[in-house]
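Data from work.csv: CSV, N, CA and C atoms
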```
chain,number,residue,atom,x,y,z
A,1,MET,N,-7.5,-14.8,15.2
A,1,MET,CA,-7.5,-14.3,13.8
A,1,MET,C,-6.2,-14.9,13.2
A,2,VAL,N,-6.4,-15.4,12.0
A,2,VAL,CA,-5.3,-15.9,11.2
A,2,VAL,C,-5.0,-15.0,10.0
A,3,ILE,N,-3.8,-14.6,9.9
A,3,ILE,CA,-3.4,-13.8,8.7
A,3,ILE,C,-2.3,-14.6,8.0
A,4,THR,N,-2.6,-14.9,6.7
A,4,THR,CA,-1.6,-15.5,5.9
A,4,THR,C,-1.1,-14.4,4.9
A,5,THR,N,0.2,-14.6,4.7
A,5,THR,CA,0.9,-13.6,3.8
A,5,THR,C,1.5,-14.3,2.6
A,6,ASP,N,1.5,-13.6,1.5
A,6,ASP,CA,2.0,-14.0,0.3
A,6,ASP,C,2.9,-12.9,-0.3
A,7,PRO,N,4.2,-13.1,-0.4
A,7,PRO,CA,5.0,-12.0,-0.9
A,7,PRO,C,4.7,-11.6,-2.3
A,8,HIS,N,4.8,-10.3,-2.6
A,8,HIS,CA,4.7,-9.8,-4.0
A,8,HIS,C,6.0,-9.4,-4.5
A,9,LYS,N,6.5,-10.2,-5.5
A,9,LYS,CA,7.8,-10.0,-6.1
A,9,LYS,C,7.6,-9.8,-7.6
A,10,VAL,N,8.4,-8.9,-8.1
A,10,VAL,CA,8.5,-8.7,-9.6
A,10,VAL,C,9.9,-8.9,-10.0
A,11,ASN,N,10.2,-9.9,-10.9
A,11,ASN,CA,11.5,-10.1,-11.3
A,11,ASN,C,12.5,-10.3,-10.2
A,12,GLY,N,12.0,-11.0,-9.1
A,12,GLY,CA,12.8,-11.3,-7.9
A,12,GLY,C,12.9,-10.1,-6.9
A,13,LYS,N,12.4,-9.0,-7.2
A,13,LYS,CA,12.5,-7.8,-6.3
A,13,LYS,C,11.2,-7.8,-5.5
A,14,PHE,N,11.3,-7.6,-4.2
A,14,PHE,CA,10.2,-7.6,-3.2
A,14,PHE,C,9.6,-6.2,-3.2
A,15,TYR,N,8.2,-6.2,-3.5
A,15,TYR,CA,7.5,-4.9,-3.5
A,15,TYR,C,6.5,-4.8,-2.3
A,16,GLY,N,6.1,-5.9,-1.8
A,16,GLY,CA,5.0,-5.9,-0.8
A,16,GLY,C,4.5,-7.3,-0.5
A,17,GLU,N,3.3,-7.3,0.1
A,17,GLU,CA,2.8,-8.6,0.4
A,17,GLU,C,1.2,-8.5,0.4
A,18,TRP,N,0.6,-9.7,0.2
A,18,TRP,CA,-0.8,-9.8,0.3
A,18,TRP,C,-1.1,-10.4,1.6
A,19,HIS,N,-2.0,-9.8,2.4
A,19,HIS,CA,-2.5,-10.3,3.7
A,19,HIS,C,-3.9,-10.8,3.5
A,20,THR,N,-4.1,-12.1,3.8
A,20,THR,CA,-5.5,-12.7,3.7
A,20,THR,C,-5.9,-13.0,5.2
A,21,PHE,N,-7.0,-12.5,5.6
A,21,PHE,CA,-7.5,-12.8,6.9
A,21,PHE,C,-8.4,-14.0,6.9
A,22,ASP,N,-8.7,-14.5,8.1
A,22,ASP,CA,-9.5,-15.7,8.2
A,22,ASP,C,-10.9,-15.6,7.8
A,23,ASP,N,-11.4,-14.3,7.7
A,23,ASP,CA,-12.8,-14.1,7.2
A,23,ASP,C,-12.8,-13.9,5.7
A,24,GLY,N,-11.7,-14.0,5.0
A,24,GLY,CA,-11.6,-13.9,3.6
A,24,GLY,C,-11.2,-12.5,3.1
A,25,ARG,N,-11.1,-11.5,3.9
A,25,ARG,CA,-10.7,-10.2,3.4
A,25,ARG,C,-9.3,-10.2,3.0
A,26,VAL,N,-8.9,-9.4,2.0
A,26,VAL,CA,-7.6,-9.3,1.5
A,26,VAL,C,-7.1,-7.9,1.5
A,27,LEU,N,-5.9,-7.7,1.9
A,27,LEU,CA,-5.2,-6.4,2.0
A,27,LEU,C,-3.9,-6.5,1.2
A,28,TYR,N,-3.6,-5.6,0.3
A,28,TYR,CA,-2.3,-5.5,-0.3
A,28,TYR,C,-1.5,-4.4,0.5
A,29,MET,N,-0.3,-4.8,1.0
A,29,MET,CA,0.6,-3.9,1.7
A,29,MET,C,1.9,-3.7,0.9
A,30,ALA,N,2.0,-2.5,0.3
A,30,ALA,CA,3.2,-2.2,-0.4
A,30,ALA,C,4.3,-1.8,0.6
A,31,HIS,N,5.5,-2.2,0.4
A,31,HIS,CA,6.6,-1.8,1.4
A,31,HIS,C,7.5,-0.8,0.7
A,32,ARG,N,7.7,0.4,1.4
A,32,ARG,CA,8.5,1.4,0.9
A,32,ARG,C,9.4,1.9,2.0
A,33,SER,N,10.5,2.5,1.7
A,33,SER,CA,11.4,3.0,2.8
A,33,SER,C,12.2,4.2,2.3
A,34,GLY,N,12.6,5.0,3.3
A,34,GLY,CA,13.4,6.2,3.0
A,34,GLY,C,12.6,7.5,2.8
A,35,ALA,N,13.2,8.6,3.2
A,35,ALA,CA,12.6,9.9,3.1
A,35,ALA,C,12.3,10.3,1.6
A,36,LYS,N,13.1,9.8,0.7
A,36,LYS,CA,13.0,10.1,-0.7
A,36,LYS,C,12.5,9.0,-1.5
A,37,SER,N,11.6,8.2,-1.0
A,37,SER,CA,11.1,7.0,-1.7
A,37,SER,C,10.6,7.5,-3.1
A,38,LYS,N,10.9,6.7,-4.1
A,38,LYS,CA,10.5,7.1,-5.5
A,38,LYS,C,8.9,6.9,-5.6
A,39,SER,N,8.3,6.3,-4.7
A,39,SER,CA,6.8,6.1,-4.8
A,39,SER,C,6.1,7.3,-4.3
A,40,ILE,N,6.7,8.3,-3.7
A,40,ILE,CA,6.1,9.5,-3.2
A,40,ILE,C,6.3,10.6,-4.3
A,41,TYR,N,5.2,11.1,-4.8
A,41,TYR,CA,5.3,12.2,-5.8
A,41,TYR,C,5.1,13.5,-5.0
A,42,PHE,N,6.2,14.2,-4.7
A,42,PHE,CA,6.2,15.3,-3.8
A,42,PHE,C,5.4,16.5,-4.4
A,43,ALA,N,5.4,16.7,-5.7
A,43,ALA,CA,4.8,17.9,-6.4
A,43,ALA,C,3.3,17.9,-6.1
A,44,LYS,N,2.7,16.7,-6.0
A,44,LYS,CA,1.2,16.5,-5.7
A,44,LYS,C,1.0,16.0,-4.3
A,45,MET,N,2.0,15.7,-3.5
A,45,MET,CA,1.9,15.1,-2.2
A,45,MET,C,1.0,13.8,-2.3
A,46,ALA,N,1.5,12.9,-3.1
A,46,ALA,CA,0.7,11.7,-3.4
A,46,ALA,C,1.6,10.4,-3.4
A,47,TRP,N,1.0,9.3,-3.1
A,47,TRP,CA,1.6,8.0,-3.3
A,47,TRP,C,1.3,7.5,-4.7
A,48,CYS,N,2.2,6.8,-5.3
A,48,CYS,CA,2.0,6.2,-6.6
A,48,CYS,C,2.2,4.7,-6.5
A,49,LEU,N,1.3,4.0,-7.2
A,49,LEU,CA,1.4,2.5,-7.4
A,49,LEU,C,1.2,2.2,-8.8
A,50,ASP,N,1.8,1.1,-9.3
A,50,ASP,CA,1.7,0.7,-10.7
A,50,ASP,C,0.3,0.1,-10.9
A,51,THR,N,-0.3,0.3,-12.0
A,51,THR,CA,-1.6,-0.2,-12.3
A,51,THR,C,-1.7,-1.7,-12.3
A,52,ALA,N,-0.6,-2.4,-12.7
A,52,ALA,CA,-0.6,-3.8,-12.7
A,52,ALA,C,-0.9,-4.4,-11.3
A,53,THR,N,-0.3,-3.8,-10.3
A,53,THR,CA,-0.5,-4.2,-8.9
A,53,THR,C,-1.9,-3.9,-8.5
A,54,LEU,N,-2.5,-2.7,-8.9
A,54,LEU,CA,-3.8,-2.4,-8.5
A,54,LEU,C,-4.8,-3.4,-9.2
A,55,ARG,N,-4.5,-3.8,-10.4
A,55,ARG,CA,-5.4,-4.8,-11.1
A,55,ARG,C,-5.3,-6.1,-10.4
A,56,GLU,N,-4.1,-6.5,-10.0
A,56,GLU,CA,-3.9,-7.8,-9.3
A,56,GLU,C,-4.7,-7.8,-8.0
A,57,ALA,N,-4.7,-6.6,-7.3
A,57,ALA,CA,-5.4,-6.5,-6.0
A,57,ALA,C,-6.9,-6.7,-6.3
A,58,ALA,N,-7.4,-6.1,-7.3
A,58,ALA,CA,-8.8,-6.3,-7.6
A,58,ALA,C,-9.1,-7.8,-8.0
A,59,TYR,N,-8.2,-8.4,-8.7
A,59,TYR,CA,-8.3,-9.8,-9.1
A,59,TYR,C,-8.3,-10.7,-7.9
A,60,ARG,N,-7.5,-10.4,-6.9
A,60,ARG,CA,-7.4,-11.2,-5.7
A,60,ARG,C,-8.5,-10.9,-4.7
A,61,GLY,N,-9.3,-9.9,-5.0
A,61,GLY,CA,-10.5,-9.6,-4.1
A,61,GLY,C,-10.1,-8.6,-3.0
A,62,ALA,N,-9.0,-7.9,-3.1
A,62,ALA,CA,-8.6,-6.9,-2.1
A,62,ALA,C,-9.6,-5.8,-1.9
A,63,ASP,N,-9.9,-5.4,-0.7
A,63,ASP,CA,-10.7,-4.3,-0.4
A,63,ASP,C,-9.9,-3.0,-0.2
A,64,ALA,N,-8.7,-3.2,0.2
A,64,ALA,CA,-7.9,-2.0,0.6
A,64,ALA,C,-6.4,-2.2,0.2
A,65,ILE,N,-5.8,-1.0,0.1
A,65,ILE,CA,-4.3,-1.0,-0.2
A,65,ILE,C,-3.7,-0.2,0.9
A,66,ALA,N,-2.6,-0.8,1.4
A,66,ALA,CA,-1.8,-0.1,2.5
A,66,ALA,C,-0.4,0.1,2.0
A,67,ILE,N,0.2,1.2,2.4
A,67,ILE,CA,1.6,1.4,2.1
A,67,ILE,C,2.3,1.5,3.4
A,68,ARG,N,3.3,0.6,3.6
A,68,ARG,CA,4.1,0.6,4.8
A,68,ARG,C,5.4,1.3,4.5
A,69,HIS,N,5.5,2.5,5.1
A,69,HIS,CA,6.7,3.4,4.8
A,69,HIS,C,7.6,3.4,6.0
A,70,LYS,N,8.8,2.8,5.9
A,70,LYS,CA,9.7,2.8,7.0
A,70,LYS,C,10.6,4.0,6.9
A,71,LEU,N,10.7,4.8,8.0
A,71,LEU,CA,11.6,5.9,8.1
A,71,LEU,C,12.4,5.8,9.4
A,72,GLY,N,13.6,5.3,9.3
A,72,GLY,CA,14.5,5.1,10.4
A,72,GLY,C,13.9,4.0,11.3
A,73,SER,N,13.6,4.3,12.6
A,73,SER,CA,13.0,3.3,13.5
A,73,SER,C,11.5,3.3,13.5
A,74,ARG,N,10.9,4.1,12.7
A,74,ARG,CA,9.4,4.3,12.7
A,74,ARG,C,8.8,3.7,11.4
A,75,ILE,N,7.6,3.3,11.5
A,75,ILE,CA,6.9,2.8,10.4
A,75,ILE,C,5.6,3.6,10.3
A,76,HIS,N,5.3,4.2,9.2
A,76,HIS,CA,4.0,4.9,8.9
A,76,HIS,C,3.2,3.9,8.0
A,77,ILE,N,2.0,3.7,8.3
A,77,ILE,CA,1.1,2.9,7.5
A,77,ILE,C,0.0,3.8,7.0
A,78,TYR,N,-0.1,3.8,5.6
A,78,TYR,CA,-1.1,4.6,4.9
A,78,TYR,C,-2.1,3.6,4.4
A,79,LEU,N,-3.3,3.8,4.7
A,79,LEU,CA,-4.4,2.9,4.3
A,79,LEU,C,-5.4,3.6,3.5
A,80,SER,N,-5.9,2.9,2.4
A,80,SER,CA,-6.9,3.5,1.6
A,80,SER,C,-7.7,2.3,1.0
A,81,ASN,N,-8.9,2.7,0.5
A,81,ASN,CA,-9.7,1.7,-0.2
A,81,ASN,C,-9.2,1.5,-1.6
A,82,LEU,N,-9.3,0.3,-2.1
A,82,LEU,CA,-8.9,0.1,-3.5
A,82,LEU,C,-9.6,0.9,-4.5
A,83,SER,N,-10.9,1.1,-4.2
A,83,SER,CA,-11.8,1.9,-5.1
A,83,SER,C,-11.3,3.4,-5.2
A,84,ASP,N,-10.6,3.9,-4.2
A,84,ASP,CA,-10.1,5.3,-4.2
A,84,ASP,C,-9.0,5.4,-5.3
A,85,TRP,N,-8.3,4.3,-5.6
A,85,TRP,CA,-7.2,4.4,-6.6
A,85,TRP,C,-7.7,4.6,-8.0
A,86,TRP,N,-9.0,4.2,-8.2
A,86,TRP,CA,-9.6,4.3,-9.5
A,86,TRP,C,-10.6,5.4,-9.6
A,87,GLY,N,-10.9,6.1,-8.4
A,87,GLY,CA,-11.9,7.1,-8.3
A,87,GLY,C,-11.5,8.5,-8.8
A,88,SER,N,-12.3,9.5,-8.5
A,88,SER,CA,-12.1,10.8,-9.0
A,88,SER,C,-10.9,11.5,-8.3
A,89,ASN,N,-10.5,11.1,-7.1
A,89,ASN,CA,-9.4,11.7,-6.3
A,89,ASN,C,-8.0,11.2,-6.9
A,90,SER,N,-8.0,10.1,-7.6
A,90,SER,CA,-6.8,9.5,-8.2
A,90,SER,C,-6.7,10.0,-9.6
A,91,GLU,N,-5.4,9.9,-10.1
A,91,GLU,CA,-5.2,10.3,-11.5
A,91,GLU,C,-4.0,9.5,-12.0
A,92,PRO,N,-3.9,9.4,-13.3
A,92,PRO,CA,-2.7,8.7,-13.9
A,92,PRO,C,-1.4,9.4,-13.6
A,93,HIS,N,-0.4,8.7,-13.3
A,93,HIS,CA,0.9,9.3,-13.0
A,93,HIS,C,1.8,9.1,-14.3
A,94,PRO,N,2.1,10.2,-15.0
A,94,PRO,CA,2.8,10.1,-16.3
A,94,PRO,C,4.3,9.7,-16.2
A,95,GLU,N,4.9,9.8,-15.1
A,95,GLU,CA,6.3,9.5,-15.0
A,95,GLU,C,6.6,8.0,-14.7
A,96,GLY,N,7.8,7.6,-14.9
A,96,GLY,CA,8.2,6.2,-14.5
A,96,GLY,C,8.2,5.3,-15.7
A,97,LYS,N,8.6,4.1,-15.5
A,97,LYS,CA,8.8,3.1,-16.6
A,97,LYS,C,7.5,2.3,-16.8
A,98,THR,N,6.6,2.2,-15.8
A,98,THR,CA,5.4,1.5,-16.0
A,98,THR,C,4.2,2.4,-15.7
A,99,PRO,N,3.0,2.1,-16.2
A,99,PRO,CA,1.8,2.9,-16.0
A,99,PRO,C,1.5,2.9,-14.5
A,100,GLN,N,1.3,4.0,-13.9
A,100,GLN,CA,1.0,4.2,-12.5
A,100,GLN,C,-0.2,5.1,-12.3
A,101,ARG,N,-0.8,5.0,-11.1
A,101,ARG,CA,-1.8,5.9,-10.6
A,101,ARG,C,-1.3,6.5,-9.3
A,102,ARG,N,-1.7,7.8,-9.0
A,102,ARG,CA,-1.3,8.4,-7.8
A,102,ARG,C,-2.6,8.8,-7.0
A,103,LEU,N,-2.5,8.8,-5.7
A,103,LEU,CA,-3.5,9.1,-4.8
A,103,LEU,C,-3.0,10.1,-3.7
A,104,PRO,N,-3.6,11.3,-3.6
A,104,PRO,CA,-3.1,12.3,-2.6
A,104,PRO,C,-3.0,11.7,-1.2
A,105,LEU,N,-2.0,12.2,-0.4
A,105,LEU,CA,-1.8,11.7,0.9
A,105,LEU,C,-3.0,12.0,1.8
A,106,ASP,N,-3.8,13.0,1.6
A,106,ASP,CA,-4.9,13.3,2.5
A,106,ASP,C,-6.1,12.3,2.3
A,107,LYS,N,-6.0,11.4,1.4
A,107,LYS,CA,-7.0,10.4,1.1
A,107,LYS,C,-6.7,9.1,1.9
A,108,PHE,N,-5.7,9.1,2.7
A,108,PHE,CA,-5.3,7.9,3.4
A,108,PHE,C,-5.5,8.0,4.9
A,109,LEU,N,-5.8,6.9,5.6
A,109,LEU,CA,-5.8,6.8,7.0
A,109,LEU,C,-4.3,6.5,7.4
A,110,VAL,N,-3.7,7.3,8.3
A,110,VAL,CA,-2.3,7.1,8.6
A,110,VAL,C,-2.1,6.7,10.0
A,111,THR,N,-1.3,5.7,10.2
A,111,THR,CA,-1.0,5.2,11.6
A,111,THR,C,0.5,5.2,11.7
A,112,LYS,N,1.1,5.4,12.9
A,112,LYS,CA,2.5,5.3,13.2
A,112,LYS,C,2.8,4.2,14.2
A,113,CYS,N,3.9,3.5,14.1
A,113,CYS,CA,4.3,2.6,15.1
A,113,CYS,C,5.8,2.5,15.1
A,114,LYS,N,6.4,1.9,16.2
A,114,LYS,CA,7.8,1.6,16.2
A,114,LYS,C,8.0,0.2,15.7
A,115,ILE,N,9.2,0.0,15.2
A,115,ILE,CA,9.6,-1.3,14.6
A,115,ILE,C,9.7,-2.3,15.8
A,116,GLY,N,9.2,-3.5,15.6
A,116,GLY,CA,9.3,-4.5,16.6
A,116,GLY,C,8.3,-5.5,16.4
A,117,LYS,N,8.6,-6.8,16.5
A,117,LYS,CA,7.6,-7.9,16.2
A,117,LYS,C,6.9,-7.7,14.9
A,118,GLY,N,7.7,-7.4,13.9
A,118,GLY,CA,7.1,-7.2,12.5
A,118,GLY,C,6.1,-6.1,12.5
A,119,GLY,N,6.4,-5.0,13.3
A,119,GLY,CA,5.5,-3.9,13.3
A,119,GLY,C,4.2,-4.3,13.9
A,120,LEU,N,4.2,-5.3,14.8
A,120,LEU,CA,3.0,-6.0,15.3
A,120,LEU,C,2.1,-6.4,14.1
A,121,ILE,N,2.8,-7.2,13.3
A,121,ILE,CA,2.2,-7.6,12.0
A,121,ILE,C,1.6,-6.4,11.3
A,122,ASP,N,2.4,-5.3,11.2
A,122,ASP,CA,2.0,-4.1,10.6
A,122,ASP,C,0.7,-3.6,11.2
A,123,LEU,N,0.7,-3.4,12.5
A,123,LEU,CA,-0.4,-3.0,13.3
A,123,LEU,C,-1.7,-3.8,12.9
A,124,THR,N,-1.4,-5.1,13.0
A,124,THR,CA,-2.5,-6.1,12.6
A,124,THR,C,-3.1,-5.7,11.3
A,125,ALA,N,-2.2,-5.6,10.4
A,125,ALA,CA,-2.5,-5.2,9.0
A,125,ALA,C,-3.5,-4.0,9.0
A,126,SER,N,-2.9,-2.9,9.6
A,126,SER,CA,-3.6,-1.6,9.7
A,126,SER,C,-4.9,-1.7,10.4
A,127,LYS,N,-4.9,-2.4,11.5
A,127,LYS,CA,-6.1,-2.6,12.4
A,127,LYS,C,-7.3,-3.1,11.6
A,128,ILE,N,-7.0,-3.9,10.6
A,128,ILE,CA,-8.0,-4.4,9.8
A,128,ILE,C,-9.1,-3.4,9.5
A,129,ALA,N,-8.7,-2.3,9.0
A,129,ALA,CA,-9.6,-1.2,8.8
A,129,ALA,C,-10.4,-1.3,7.5
A,130,ILE,N,-10.3,-2.5,7.0
A,130,ILE,CA,-11.2,-2.8,5.8
A,130,ILE,C,-12.4,-3.5,6.2
A,131,SER,N,-13.5,-3.0,5.7
A,131,SER,CA,-14.8,-3.7,6.1
A,131,SER,C,-15.6,-3.9,4.8
A,132,ARG,N,-16.5,-4.9,4.9
A,132,ARG,CA,-17.3,-5.2,3.7
A,132,ARG,C,-18.6,-4.4,3.7
```
Target encoding structure tokens, full file:
Amino acid sequence: MVITTDPHKVNGKFYGEWHTFDDGRVLYMAHRSGAKSKSIYFAKMAWCLDTATLREAAYRGADAIAIRHKLGSRIHIYLSNLSDWWGSNSEPHPEGKTPQRRLPLDKFLVTKCKIGKGGLIDLTASKIAISR
């Protein structure tokens, strides 16, 4: 299996990366860190992503969105379908400088791993849990 990665940067700041698999599937993996990451909306227990990234994911043909959350020596990977971000379980997030959507934590598949070897390429990009 071949995975190519393309970094996602906005104004020089790294936000995540695009993983493309040899069979053509695409996964966007957002990188977040810290117990108080600004991307976690604690009042609703949800992850937030800006709508521009979600639109670019659709443009690139991504089937899934993953959030790689580093907490100390552990990585938690939250995986969801792209369609969930626009579905009835998601809602606009009114806070922040850019338009965002939020998706409750219980709508994600969650995996844990220890850091090492790139998180095993982030658990082989979340065990390639995206299917067509």
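Proximity of A:Leu103, A:Leu79, A:Leu109, A:Ala66 to Leu27 of chain A, computed with only N, CA and C atoms, is greatest for A:Ala66.
Here atom C of Met45 of chain A and atom N of Pro104 of chain A stand 5.4 Å from one another.
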Next on the checklist: Please compute the atom C of Lys13 of chain A-atom CA of Gly72 of chain A distance, one decimal, in Å.
Outcome noted: 20.7 Å
Checklist entry - Could you pull out all residues of segment 53-106 of chain A with a DSSP call of strand (DSSP E or B) and give them as a PyMOL selection string? => result chain A and resi 62-71+74-81+91-93+100-104
File dump, residues just selected, N, CA and C atoms, as a PDB file, in the coordinates of the input:
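Result saved to result.pdb:
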```pdb
ATOM      1  N   ALA A  62      -9.000  -7.900  -3.100  1.00  0.00           N
ATOM      2  CA  ALA A  62      -8.600  -6.900  -2.100  1.00  0.00           C
ATOM      3  C   ALA A  62      -9.600  -5.800  -1.900  1.00  0.00           C
ATOM      4  N   ASP A  63      -9.900  -5.400  -0.700  1.00  0.00           N
ATOM      5  CA  ASP A  63     -10.700  -4.300  -0.400  1.00  0.00           C
ATOM      6  C   ASP A  63      -9.900  -3.000  -0.200  1.00  0.00           C
ATOM      7  N   ALA A  64      -8.700  -3.200   0.200  1.00  0.00           N
ATOM      8  CA  ALA A  64      -7.900  -2.000   0.600  1.00  0.00           C
ATOM      9  C   ALA A  64      -6.400  -2.200   0.200  1.00  0.00           C
ATOM     10  N   ILE A  65      -5.800  -1.000   0.100  1.00  0.00           N
ATOM     11  CA  ILE A  65      -4.300  -1.000  -0.200  1.00  0.00           C
ATOM     12  C   ILE A  65      -3.700  -0.200   0.900  1.00  0.00           C
ATOM     13  N   ALA A  66      -2.600  -0.800   1.400  1.00  0.00           N
ATOM     14  CA  ALA A  66      -1.800  -0.100   2.500  1.00  0.00           C
ATOM     15  C   ALA A  66      -0.400   0.100   2.000  1.00  0.00           C
ATOM     16  N   ILE A  67       0.200   1.200   2.400  1.00  0.00           N
ATOM     17  CA  ILE A  67       1.600   1.400   2.100  1.00  0.00           C
ATOM     18  C   ILE A  67       2.300   1.500   3.400  1.00  0.00           C
ATOM     19  N   ARG A  68       3.300   0.600   3.600  1.00  0.00           N
ATOM     20  CA  ARG A  68       4.100   0.600   4.800  1.00  0.00           C
ATOM     21  C   ARG A  68       5.400   1.300   4.500  1.00  0.00           C
ATOM     22  N   HIS A  69       5.500   2.500   5.100  1.00  0.00           N
ATOM     23  CA  HIS A  69       6.700   3.400   4.800  1.00  0.00           C
ATOM     24  C   HIS A  69       7.600   3.400   6.000  1.00  0.00           C
ATOM     25  N   LYS A  70       8.800   2.800   5.900  1.00  0.00           N
ATOM     26  CA  LYS A  70       9.700   2.800   7.000  1.00  0.00           C
ATOM     27  C   LYS A  70      10.600   4.000   6.900  1.00  0.00           C
ATOM     28  N   LEU A  71      10.700   4.800   8.000  1.00  0.00           N
ATOM     29  CA  LEU A  71      11.600   5.900   8.100  1.00  0.00           C
ATOM     30  C   LEU A  71      12.400   5.800   9.400  1.00  0.00           C
ATOM     31  N   ARG A  74      10.900   4.100  12.700  1.00  0.00           N
ATOM     32  CA  ARG A  74       9.400   4.300  12.700  1.00  0.00           C
ATOM     33  C   ARG A  74       8.800   3.700  11.400  1.00  0.00           C
ATOM     34  N   ILE A  75       7.600   3.300  11.500  1.00  0.00           N
ATOM     35  CA  ILE A  75       6.900   2.800  10.400  1.00  0.00           C
ATOM     36  C   ILE A  75       5.600   3.600  10.300  1.00  0.00           C
ATOM     37  N   HIS A  76       5.300   4.200   9.200  1.00  0.00           N
ATOM     38  CA  HIS A  76       4.000   4.900   8.900  1.00  0.00           C
ATOM     39  C   HIS A  76       3.200   3.900   8.000  1.00  0.00           C
ATOM     40  N   ILE A  77       2.000   3.700   8.300  1.00  0.00           N
ATOM     41  CA  ILE A  77       1.100   2.900   7.500  1.00  0.00           C
ATOM     42  C   ILE A  77       0.000   3.800   7.000  1.00  0.00           C
ATOM     43  N   TYR A  78      -0.100   3.800   5.600  1.00  0.00           N
ATOM     44  CA  TYR A  78      -1.100   4.600   4.900  1.00  0.00           C
ATOM     45  C   TYR A  78      -2.100   3.600   4.400  1.00  0.00           C
ATOM     46  N   LEU A  79      -3.300   3.800   4.700  1.00  0.00           N
ATOM     47  CA  LEU A  79      -4.400   2.900   4.300  1.00  0.00           C
ATOM     48  C   LEU A  79      -5.400   3.600   3.500  1.00  0.00           C
ATOM     49  N   SER A  80      -5.900   2.900   2.400  1.00  0.00           N
ATOM     50  CA  SER A  80      -6.900   3.500   1.600  1.00  0.00           C
ATOM     51  C   SER A  80      -7.700   2.300   1.000  1.00  0.00           C
ATOM     52  N   ASN A  81      -8.900   2.700   0.500  1.00  0.00           N
ATOM     53  CA  ASN A  81      -9.700   1.700  -0.200  1.00  0.00           C
ATOM     54  C   ASN A  81      -9.200   1.500  -1.600  1.00  0.00           C
ATOM     55  N   GLU A  91      -5.400   9.900 -10.100  1.00  0.00           N
ATOM     56  CA  GLU A  91      -5.200  10.300 -11.500  1.00  0.00           C
ATOM     57  C   GLU A  91      -4.000   9.500 -12.000  1.00  0.00           C
ATOM     58  N   PRO A  92      -3.900   9.400 -13.300  1.00  0.00           N
ATOM     59  CA  PRO A  92      -2.700   8.700 -13.900  1.00  0.00           C
ATOM     60  C   PRO A  92      -1.400   9.400 -13.600  1.00  0.00           C
ATOM     61  N   HIS A  93      -0.400   8.700 -13.300  1.00  0.00           N
ATOM     62  CA  HIS A  93       0.900   9.300 -13.000  1.00  0.00           C
ATOM     63  C   HIS A  93       1.800   9.100 -14.300  1.00  0.00           C
ATOM     64  N   GLN A 100       1.300   4.000 -13.900  1.00  0.00           N
ATOM     65  CA  GLN A 100       1.000   4.200 -12.500  1.00  0.00           C
ATOM     66  C   GLN A 100      -0.200   5.100 -12.300  1.00  0.00           C
ATOM     67  N   ARG A 101      -0.800   5.000 -11.100  1.00  0.00           N
ATOM     68  CA  ARG A 101      -1.800   5.900 -10.600  1.00  0.00           C
ATOM     69  C   ARG A 101      -1.300   6.500  -9.300  1.00  0.00           C
ATOM     70  N   ARG A 102      -1.700   7.800  -9.000  1.00  0.00           N
ATOM     71  CA  ARG A 102      -1.300   8.400  -7.800  1.00  0.00           C
ATOM     72  C   ARG A 102      -2.600   8.800  -7.000  1.00  0.00           C
ATOM     73  N   LEU A 103      -2.500   8.800  -5.700  1.00  0.00           N
ATOM     74  CA  LEU A 103      -3.500   9.100  -4.800  1.00  0.00           C
ATOM     75  C   LEU A 103      -3.000  10.100  -3.700  1.00  0.00           C
ATOM     76  N   PRO A 104      -3.600  11.300  -3.600  1.00  0.00           N
ATOM     77  CA  PRO A 104      -3.100  12.300  -2.600  1.00  0.00           C
ATOM     78  C   PRO A 104      -3.000  11.700  -1.200  1.00  0.00           C
TER      79      PRO A 104
END
```
Next on the checklist: Restricting the calculation to only N, CA and C atoms: of A:Asp50, A:His8, A:Arg55, A:Lys70, which residue gets closest to Gly34 of chain A?
Outcome noted: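 Among A:Asp50, A:His8, A:Arg55, A:Lys70, it is A:Lys70 that comes nearest to Gly34 of chain A.
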Item to check | Who sits within 12 Å of Leu54 of chain A, only C-alpha atoms, same chain under 3 positions skipped, as a list in words | outcome: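 Everything that qualifies: Trp18, Leu27, Tyr28, Met29, Ala30, Cys48, Leu49, Asp50, Thr51, Ala57, Ala58, Tyr59, Arg60, Gly61, Ala62, Asp63, Ala64, Ile65, Ala66, Asn81, Leu82, Ser83, Asp84, Trp85, Trp86, Pro99, Gln100, Arg101 and Arg102 of chain A.
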Item to check | Atomic separation - atom N of Ala35 of chain A relative to atom N of Pro92 of chain A, Å | outcome: 23.8 Å
Next on the checklist: Just want the 6 Å neighbourhood of Tyr78 of chain A, counted on all atoms listed in the file, with same-chain residues fewer than 2 positions away dropped. Output as a ChimeraX atom specification.
Outcome noted: /A:65-69,76,80,108-111
Checklist entry - So which residues of segment 2-63 of chain A fall under helix (DSSP H, G or I) by DSSP, listed as a PyMOL selection string? => result chain A and resi 51-59
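When only N, CA and C atoms are used to compute distances to Asp23 of chain A, the closest of the residues A:Lys9, A:Ile3, A:Ala46, A:Ile40 turns out to be A:Ile3.
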Checklist entry - Which is closest to Thr4 of chain A among A:Arg74, A:Glu17, A:Thr98, A:Lys107, if we use only N, CA and C atoms? => result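 For Thr4 of chain A, the nearest of the given residues is A:Glu17.
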